[in-house]
Amino acid sequence: MRLTTDRGVFSSGHLDPGTAVLLRRAPGPPATGTLLDLGCGYGAITCALARRSPGATVLGVDVNQRALDLTRANAHRLGFDNVVVQRPDDVGPATTFTAIYSNPPTHIGKPRLHEMLLHWLPRVEPGGRAYLVVHRHLGSDSLQRWLETVGFSCERLASVRGYRVIAADR
C-alpha cells in the first residue's frame, strides 16, 4: 500500500522499521470486532489492519490532528470503509477492543507512556491481546517488566534488529 505522509507526523516519508516488525511478526488481527491502532500516525497500522480484517472496525487514535487527517485520507483513498479515526478524548469510555496494535510514542516519557497504556490496555476484551513494538534502546525490556508489575501477562513474540514485539493481556 502507498500511504501519504507529511512532516510533523511520526516517520514521515517511510515506514518506520518498528512498525514493519510489528506488522510482520504480530499475529494477524481478528476477522471481526474492534481493533485499535493506538498512536496511529499517518495510518500505516490502521490501514494494514483494515486490509487484513475487512469485517472488523479499525479505530485509529492519535493526539496529532494532522496524523488523524492523514489516516482518514489514506483509509478513504484505499477504500477502507471499516476505519474510524478519532482523538483519544472522543473515544467513549465504555469502548472495548478485540485487540490493540501499537508502536507507542515512547518519546513522551515513561510517566505519560505508562498513563496512556493504563488507560487503553485494560479495555482489551477477555481473550484479546495488545501487541506493542518498542526498540530495546527505547525501553522495551523495562516496559515489559512494568506491564507485568501492573497486572498484565506479557510475552515477547519477536526480537528483530532490537525491536521487540510484546503481547500483553490480563
# chains A, B, ... in the order shown; residues from 1 in each chain; ligands from 1
call {"tool": "closest_atom_pairs", "arguments": {"of": "stretch 32-84 of chain A", "to": "stretch 97-118 of chain A", "cutoff": "7 Å", "atoms": "only C-alpha atoms", "output": "CSV"}}
result
residue,atom,partner,partner_atom,distance
A:Gly33,CA,A:Thr98,CA,5.5
A:Thr34,CA,A:Phe97,CA,5.0
A:Leu35,CA,A:Ala99,CA,5.1
A:Leu36,CA,A:Ile100,CA,4.7
A:Asp37,CA,A:Tyr101,CA,5.2
A:Leu38,CA,A:Ser102,CA,5.2
A:Gly39,CA,A:Pro104,CA,6.1
call {"tool": "select_by_dssp", "arguments": {"residues": "chain A", "states": "helix (DSSP H, G or I)", "output": "PyMOL selection string"}}
result
chain A and resi 17-25+44-52+65-77+88-90+106-108+110-123+136-138+140-149
call {"tool": "closest_residue", "arguments": {"among": "A:Leu78, A:Ala73, A:Ala168, A:Leu138", "to": "A:Arg51", "atoms": "only C-alpha atoms"}}
result
A:Leu78
call {"tool": "closest_residue", "arguments": {"among": "A:Thr96, A:Arg136, A:Arg123, A:Thr149", "to": "A:Arg161", "atoms": "only C-alpha atoms"}}
result
A:Arg136
call {"tool": "closest_residue", "arguments": {"among": "A:Asp141, A:Asp169, A:Asp89, A:Asp69", "to": "A:Val124", "atoms": "only C-alpha atoms"}}
result
A:Asp169
call {"tool": "residues_around", "arguments": {"residues": "A:Ala56", "least_positions_apart": "2", "cutoff": "12 Å", "atoms": "only C-alpha atoms", "output": "list in words"}}
result
Pro29, Pro30, Ala31, Thr32, Gly33, Thr34, Leu35, Leu36, Thr46, Cys47, Ala48, Leu49, Ala50, Arg51, Arg52, Ser53, Pro54, Val58, Leu59, Phe80, Asp81, Asn82, Val83, Val84, Phe97, Thr98 and Ala99 of chain A
call {"tool": "residues_around", "arguments": {"residues": "stretch 10-26 of chain A", "least_positions_apart": "3", "cutoff": "9 Å", "atoms": "only C-alpha atoms", "output": "PyMOL selection string"}}
result
chain A and resi 4-7+29+41-42+44-45+48-49+67+101-103+105+131-135+157-160+162-167
call {"tool": "write_last_selection", "arguments": {"atoms": "C-alpha atoms", "output": "short mmCIF file (atom, residue, chain, number, x, y, z; two decimals), in the first residue's frame"}}
result
data_model
loop_
_atom_site.label_atom_id
_atom_site.label_comp_id
_atom_site.auth_asym_id
_atom_site.auth_seq_id
_atom_site.Cartn_x
_atom_site.Cartn_y
_atom_site.Cartn_z
CA THR A 4 0.51 9.75 2.11
CA THR A 5 2.71 11.13 4.90
CA ASP A 6 3.79 14.62 5.89
CA ARG A 7 6.23 16.47 8.11
CA PRO A 29 -5.79 -9.37 13.52
CA GLY A 41 0.33 8.48 12.94
CA TYR A 42 -0.47 8.61 9.22
CA ALA A 44 0.21 2.53 8.47
CA ILE A 45 -1.03 0.10 11.12
CA ALA A 48 -2.88 -2.72 7.37
CA LEU A 49 -5.43 -3.90 9.95
CA ALA A 67 -1.98 12.48 11.77
CA TYR A 101 -1.74 -2.90 17.85
CA SER A 102 0.68 -0.07 18.59
CA ASN A 103 4.10 1.38 18.02
CA PRO A 105 5.07 7.06 21.41
CA TYR A 131 0.63 -6.01 20.64
CA LEU A 132 3.31 -3.37 21.17
CA VAL A 133 6.59 -2.83 19.37
CA VAL A 134 9.37 -0.95 21.17
CA HIS A 135 13.11 -0.85 20.49
CA LEU A 157 6.85 -12.63 20.42
CA ALA A 158 9.81 -11.42 18.40
CA SER A 159 13.06 -9.51 18.52
CA VAL A 160 14.30 -8.15 15.20
CA GLY A 162 16.50 -4.55 18.52
CA TYR A 163 12.74 -4.13 18.05
CA ARG A 164 10.73 -6.21 20.49
CA VAL A 165 7.15 -7.25 19.82
CA ILE A 166 5.40 -7.67 23.16
CA ALA A 167 1.99 -9.28 23.60
#
call {"tool": "atom_distance", "arguments": {"atom1": "atom CA of A:Gly79", "atom2": "atom CA of A:Leu121"}}
result
28.6 Å
call {"tool": "closest_residue", "arguments": {"among": "A:His119, A:Arg2, A:Arg156, A:Arg87", "to": "A:Leu68", "atoms": "only C-alpha atoms"}}
result
A:Arg87
call {"tool": "select_by_dssp", "arguments": {"residues": "stretch 21-146 of chain A", "states": "strand (DSSP E or B)", "output": "MDAnalysis selection string"}}
result
chainID A and resid 33:38 56:61 83:86 97:102 124:135
